[in-house]
$ cat final.tsv   # TSV, C-alpha atoms
chain	number	residue	atom	x	y	z
X	1	MET	CA	19.44	12.11	-5.41
X	2	SER	CA	15.69	11.40	-5.19
X	3	GLU	CA	16.25	7.90	-6.65
X	4	GLU	CA	18.20	7.07	-3.47
X	5	HIS	CA	15.82	8.78	-1.06
X	6	PRO	CA	14.99	6.44	1.87
X	7	ALA	CA	11.22	6.87	1.43
X	8	ARG	CA	11.44	6.05	-2.28
X	9	ILE	CA	13.55	2.97	-1.50
X	10	ALA	CA	11.05	1.84	1.16
X	11	ALA	CA	8.08	2.40	-1.16
X	12	LYS	CA	9.67	0.33	-3.94
X	13	ALA	CA	10.60	-2.42	-1.46
X	14	SER	CA	7.07	-2.44	-0.05
X	15	GLN	CA	5.54	-2.73	-3.50
X	16	ALA	CA	7.95	-5.50	-4.54
X	17	ALA	CA	7.32	-7.53	-1.38
X	18	ALA	CA	3.54	-7.08	-1.59
X	19	SER	CA	3.36	-7.99	-5.29
X	20	GLY	CA	5.64	-10.96	-4.61
X	21	LYS	CA	3.40	-12.06	-1.72
X	22	ARG	CA	6.41	-12.07	0.62
X	23	LYS	CA	4.66	-11.33	3.91
X	24	ASP	CA	7.66	-11.50	6.24
X	25	GLU	CA	9.73	-9.29	3.94
X	26	TRP	CA	6.87	-6.77	3.69
X	27	LEU	CA	6.32	-6.68	7.46
X	28	ALA	CA	10.04	-6.21	8.12
X	29	LEU	CA	9.92	-2.89	6.25
X	30	PHE	CA	7.77	-1.31	8.96
X	31	ALA	CA	8.93	0.37	12.17
X	32	GLU	CA	7.64	-1.11	15.43
X	33	ASN	CA	4.86	1.45	15.94
X	34	ALA	CA	4.00	1.99	12.27
X	35	CYS	CA	0.51	2.69	11.00
X	36	VAL	CA	-1.12	1.55	7.74
X	37	GLU	CA	-4.22	3.39	6.50
X	38	ASP	CA	-5.34	1.66	3.29
X	39	PRO	CA	-7.60	3.26	2.34
X	40	VAL	CA	-7.53	6.35	4.55
X	41	GLY	CA	-10.75	6.60	6.57
X	42	PRO	CA	-13.44	4.05	7.37
X	43	SER	CA	-13.65	1.00	5.12
X	44	GLY	CA	-14.42	-2.70	5.25
X	45	PHE	CA	-10.78	-3.23	6.24
X	46	ASP	CA	-10.90	-0.58	8.99
X	47	PRO	CA	-14.50	0.23	10.05
X	48	GLU	CA	-13.42	2.94	12.52
X	49	GLY	CA	-11.01	4.54	10.04
X	50	LYS	CA	-8.19	4.80	12.58
X	51	GLY	CA	-5.61	2.71	10.73
X	52	HIS	CA	-3.76	-0.47	11.58
X	53	HIS	CA	-1.19	0.33	14.31
X	54	GLY	CA	1.77	-1.88	15.20
X	55	ALA	CA	3.17	-5.13	13.86
X	56	GLU	CA	0.28	-7.39	14.86
X	57	ALA	CA	-2.39	-5.16	13.33
X	58	ILE	CA	-0.37	-4.64	10.15
X	59	ALA	CA	0.09	-8.42	9.83
X	60	LYS	CA	-3.69	-8.85	10.17
X	61	PHE	CA	-4.18	-6.19	7.49
X	62	TYR	CA	-1.87	-8.16	5.19
X	63	ASP	CA	-3.87	-11.34	5.82
X	64	MET	CA	-7.17	-9.54	5.06
X	65	THR	CA	-5.96	-7.87	1.89
X	66	ILE	CA	-2.73	-8.81	0.14
X	67	ALA	CA	-2.93	-12.50	1.07
X	68	ASN	CA	-6.36	-12.75	-0.59
X	69	THR	CA	-5.22	-11.52	-3.98
X	70	ASP	CA	-4.05	-13.61	-6.91
X	71	LYS	CA	-1.83	-10.80	-8.19
X	72	LEU	CA	-0.96	-7.19	-7.32
X	73	GLU	CA	0.57	-4.72	-9.74
X	74	PHE	CA	1.75	-1.24	-8.80
X	75	LEU	CA	1.44	1.02	-11.84
X	76	VAL	CA	3.24	4.14	-10.66
X	77	ASP	CA	2.89	7.21	-12.89
X	78	ASP	CA	4.89	9.63	-10.76
X	79	VAL	CA	6.80	9.85	-7.48
X	80	LEU	CA	7.36	13.02	-5.48
X	81	VAL	CA	9.79	13.17	-2.56
X	82	CYS	CA	9.56	15.71	0.27
X	83	GLY	CA	11.23	15.55	3.67
X	84	ASP	CA	10.98	12.03	5.05
X	85	GLU	CA	8.09	11.08	2.75
X	86	CYS	CA	7.32	10.17	-0.81
X	87	VAL	CA	4.05	10.05	-2.64
X	88	ASN	CA	3.36	7.57	-5.42
X	89	ILE	CA	0.65	8.59	-7.86
X	90	GLY	CA	-0.83	5.76	-9.87
X	91	THR	CA	-2.93	2.63	-9.80
X	92	ILE	CA	-2.88	-0.59	-7.85
X	93	ARG	CA	-4.25	-3.31	-10.12
X	94	THR	CA	-5.53	-6.33	-8.23
X	95	THR	CA	-6.38	-9.69	-9.73
X	96	MET	CA	-8.66	-11.88	-7.65
X	97	ALA	CA	-11.39	-14.42	-8.30
X	98	GLY	CA	-10.93	-14.07	-12.06
X	99	ASN	CA	-11.42	-10.30	-12.02
X	100	LEU	CA	-9.27	-7.20	-12.32
X	101	ILE	CA	-9.84	-4.16	-10.10
X	102	ASP	CA	-8.02	-0.83	-10.49
X	103	ALA	CA	-7.61	1.45	-7.49
X	104	GLU	CA	-6.35	4.81	-8.70
X	105	GLY	CA	-4.84	6.85	-5.95
X	106	VAL	CA	-2.10	8.59	-4.08
X	107	PHE	CA	0.05	6.43	-1.82
X	108	VAL	CA	2.13	8.19	0.84
X	109	TYR	CA	5.09	6.52	2.57
X	110	ARG	CA	6.87	8.15	5.54
X	111	VAL	CA	10.07	6.65	6.95
X	112	ASP	CA	12.10	7.03	10.12
X	113	ASP	CA	15.83	7.77	10.36
X	114	ASP	CA	16.56	4.08	9.70
X	115	GLY	CA	14.51	4.05	6.50
X	116	ARG	CA	11.73	1.93	8.00
X	117	ILE	CA	8.14	2.79	7.15
X	118	VAL	CA	6.35	4.58	10.00
X	119	SER	CA	3.28	5.50	7.98
X	120	LEU	CA	1.66	4.18	4.83
X	121	ARG	CA	-1.44	6.14	3.80
X	122	ALA	CA	-3.33	5.11	0.69
X	123	PHE	CA	-5.85	7.59	-0.70
X	124	TRP	CA	-8.22	5.73	-3.03
X	125	GLU	CA	-11.99	5.37	-3.28
X	126	VAL	CA	-13.50	1.91	-2.79
X	127	ASP	CA	-16.65	2.73	-4.79
X	128	ARG	CA	-14.60	4.13	-7.66
X	129	ALA	CA	-12.36	1.05	-7.69
X	130	MET	CA	-15.37	-1.29	-7.68
X	131	LYS	CA	-16.64	0.39	-10.87
X	132	THR	CA	-13.51	-0.93	-12.64
X	133	VAL	CA	-14.19	-4.62	-11.88
X	134	ARG	CA	-13.90	-6.65	-15.05
X	135	PRO	CA	-13.05	-10.22	-15.98
X	136	VAL	CA	-9.44	-11.12	-16.65
X	137	SER	CA	-9.13	-11.44	-20.40

$ encode --input "final.tsv" --output "structure tokens"
Amino acid sequence: MSEEHPARIAAKASQAAASGKRKDEWLALFAENACVEDPVGPSGFDPEGKGHHGAEAIAKFYDMTIANTDKLEFLVDDVLVCGDECVNIGTIRTTMAGNLIDAEGVFVYRVDDDGRIVSLRAFWEVDRAMKTVRPVS
């Protein structure tokens, strides 16, 4: 049953669209008033740490982050499903400017009754990820 859980389906679709650099497909997965916090809390992507709320802000987040990568890989070690949410435990490996960066973390997707993402919260540490920067071999 958990393989068909709406949050699991949305998480997989989000990861596929992001790694495929399919912006419109990725944005269409979100509910109108969705919020993306990636990473959770203040960061260079979100100085106030309040998240990116609504379609316009989420599109800007995409342009700041996903659009600037050469490649994204979602290396998911485990998925847990509870209620209307799922958590992916693993690593997002980013290739950009000839370097690899690994962001280990916990990535939480919550969906509405229609299976659209209302919340995406990514718990990962920028400083920890930056310590993994290495040239693509």

$ closest_residue --input "final.tsv" --among "X:Leu29, X:Leu120, X:Cys35, X:Ala18" --to "Ile92 of chain X" --atoms "only C-alpha atoms"
X:Ala18

$ closest_residue --input "final.tsv" --among "X:Ala55, X:Val108, X:Ile9, X:Val118" --to "Cys86 of chain X" --atoms "all atoms listed in the file"
X:Val108

$ atom_distance --input "final.tsv" --atom1 "atom CA of Lys12 of chain X" --atom2 "atom CA of Gly115 of chain X"
12.1 Å

$ residues_near_point --input "final.tsv" --point "(-1.4, 3.1, 11.7)" --cutoff "10 Å" --atoms "only C-alpha atoms" --output "list in words"
Asn33, Ala34, Cys35, Val36, Glu37, Asp38, Val40, Gly49, Lys50, Gly51, His52, His53, Gly54, Ala55, Ala57, Ile58, Val118, Ser119, Leu120 and Arg121 of chain X

$ atom_distance --input "final.tsv" --atom1 "atom CA of Ala122 of chain X" --atom2 "atom CA of Cys82 of chain X"
16.7 Å

$ atom_distance --input "final.tsv" --atom1 "atom CA of Glu85 of chain X" --atom2 "atom CA of Ala7 of chain X"
5.4 Å

$ residues_around --input "final.tsv" --residues "Gly83 of chain X" --least-positions-apart "3" --cutoff "12 Å" --atoms "only C-alpha atoms" --output "list in words"
Ser2, His5, Pro6, Ala7, Arg8, Leu80, Cys86, Val87, Tyr109, Arg110, Val111, Asp112 and Asp113 of chain X

$ residues_near_point --input "final.tsv" --point "(-0.9, -7.7, 1.8)" --cutoff "10 Å" --atoms "only C-alpha atoms" --output "short mmCIF file (atom, residue, chain, number, x, y, z; two decimals) with C-alpha atoms, in the frame of the given file"
data_model
loop_
_atom_site.label_atom_id
_atom_site.label_comp_id
_atom_site.auth_asym_id
_atom_site.auth_seq_id
_atom_site.Cartn_x
_atom_site.Cartn_y
_atom_site.Cartn_z
CA SER X 14 7.07 -2.44 -0.05
CA GLN X 15 5.54 -2.73 -3.50
CA ALA X 17 7.32 -7.53 -1.38
CA ALA X 18 3.54 -7.08 -1.59
CA SER X 19 3.36 -7.99 -5.29
CA GLY X 20 5.64 -10.96 -4.61
CA LYS X 21 3.40 -12.06 -1.72
CA ARG X 22 6.41 -12.07 0.62
CA LYS X 23 4.66 -11.33 3.91
CA TRP X 26 6.87 -6.77 3.69
CA LEU X 27 6.32 -6.68 7.46
CA ILE X 58 -0.37 -4.64 10.15
CA ALA X 59 0.09 -8.42 9.83
CA LYS X 60 -3.69 -8.85 10.17
CA PHE X 61 -4.18 -6.19 7.49
CA TYR X 62 -1.87 -8.16 5.19
CA ASP X 63 -3.87 -11.34 5.82
CA MET X 64 -7.17 -9.54 5.06
CA THR X 65 -5.96 -7.87 1.89
CA ILE X 66 -2.73 -8.81 0.14
CA ALA X 67 -2.93 -12.50 1.07
CA ASN X 68 -6.36 -12.75 -0.59
CA THR X 69 -5.22 -11.52 -3.98
CA LEU X 72 -0.96 -7.19 -7.32
#

$ decode --input "final.tsv" --residues "segment 46-59 of chain X" --atoms "N, CA and C atoms" --output "mmCIF file, in the first residue's frame"
data_model
loop_
_atom_site.group_PDB
_atom_site.id
_atom_site.type_symbol
_atom_site.label_atom_id
_atom_site.label_comp_id
_atom_site.auth_asym_id
_atom_site.auth_seq_id
_atom_site.Cartn_x
_atom_site.Cartn_y
_atom_site.Cartn_z
ATOM 1 N N ASP X 46 16.971 31.660 1.273
ATOM 2 C CA ASP X 46 15.828 32.158 2.043
ATOM 3 C C ASP X 46 16.363 32.827 3.312
ATOM 4 N N PRO X 47 16.900 34.051 3.192
ATOM 5 C CA PRO X 47 17.556 34.711 4.329
ATOM 6 C C PRO X 47 16.701 34.806 5.593
ATOM 7 N N GLU X 48 15.391 34.968 5.454
ATOM 8 C CA GLU X 48 14.530 35.075 6.634
ATOM 9 C C GLU X 48 14.118 33.717 7.184
ATOM 10 N N GLY X 49 14.332 32.650 6.406
ATOM 11 C CA GLY X 49 13.993 31.309 6.861
ATOM 12 C C GLY X 49 12.511 31.042 6.973
ATOM 13 N N LYS X 50 11.700 31.733 6.174
ATOM 14 C CA LYS X 50 10.247 31.569 6.246
ATOM 15 C C LYS X 50 9.680 30.699 5.127
ATOM 16 N N GLY X 51 10.535 30.256 4.216
ATOM 17 C CA GLY X 51 10.069 29.408 3.119
ATOM 18 C C GLY X 51 9.614 30.218 1.921
ATOM 19 N N HIS X 52 9.398 29.505 0.844
ATOM 20 C CA HIS X 52 8.950 30.081 -0.427
ATOM 21 C C HIS X 52 7.474 29.698 -0.587
ATOM 22 N N HIS X 53 6.581 30.678 -0.459
ATOM 23 C CA HIS X 53 5.137 30.439 -0.430
ATOM 24 C C HIS X 53 4.488 30.826 -1.753
ATOM 25 N N GLY X 54 3.708 29.910 -2.317
ATOM 26 C CA GLY X 54 2.952 30.185 -3.528
ATOM 27 C C GLY X 54 3.744 29.927 -4.798
ATOM 28 N N ALA X 55 3.016 29.863 -5.907
ATOM 29 C CA ALA X 55 3.589 29.469 -7.195
ATOM 30 C C ALA X 55 4.724 30.373 -7.654
ATOM 31 N N GLU X 56 4.556 31.669 -7.528
ATOM 32 C CA GLU X 56 5.587 32.602 -7.994
ATOM 33 C C GLU X 56 6.886 32.443 -7.204
ATOM 34 N N ALA X 57 6.781 32.347 -5.904
ATOM 35 C CA ALA X 57 7.970 32.200 -5.058
ATOM 36 C C ALA X 57 8.645 30.849 -5.285
ATOM 37 N N ILE X 58 7.852 29.799 -5.477
ATOM 38 C CA ILE X 58 8.424 28.477 -5.727
ATOM 39 C C ILE X 58 9.118 28.453 -7.090
ATOM 40 N N ALA X 59 8.555 29.141 -8.075
ATOM 41 C CA ALA X 59 9.214 29.244 -9.387
ATOM 42 C C ALA X 59 10.543 29.984 -9.264
#
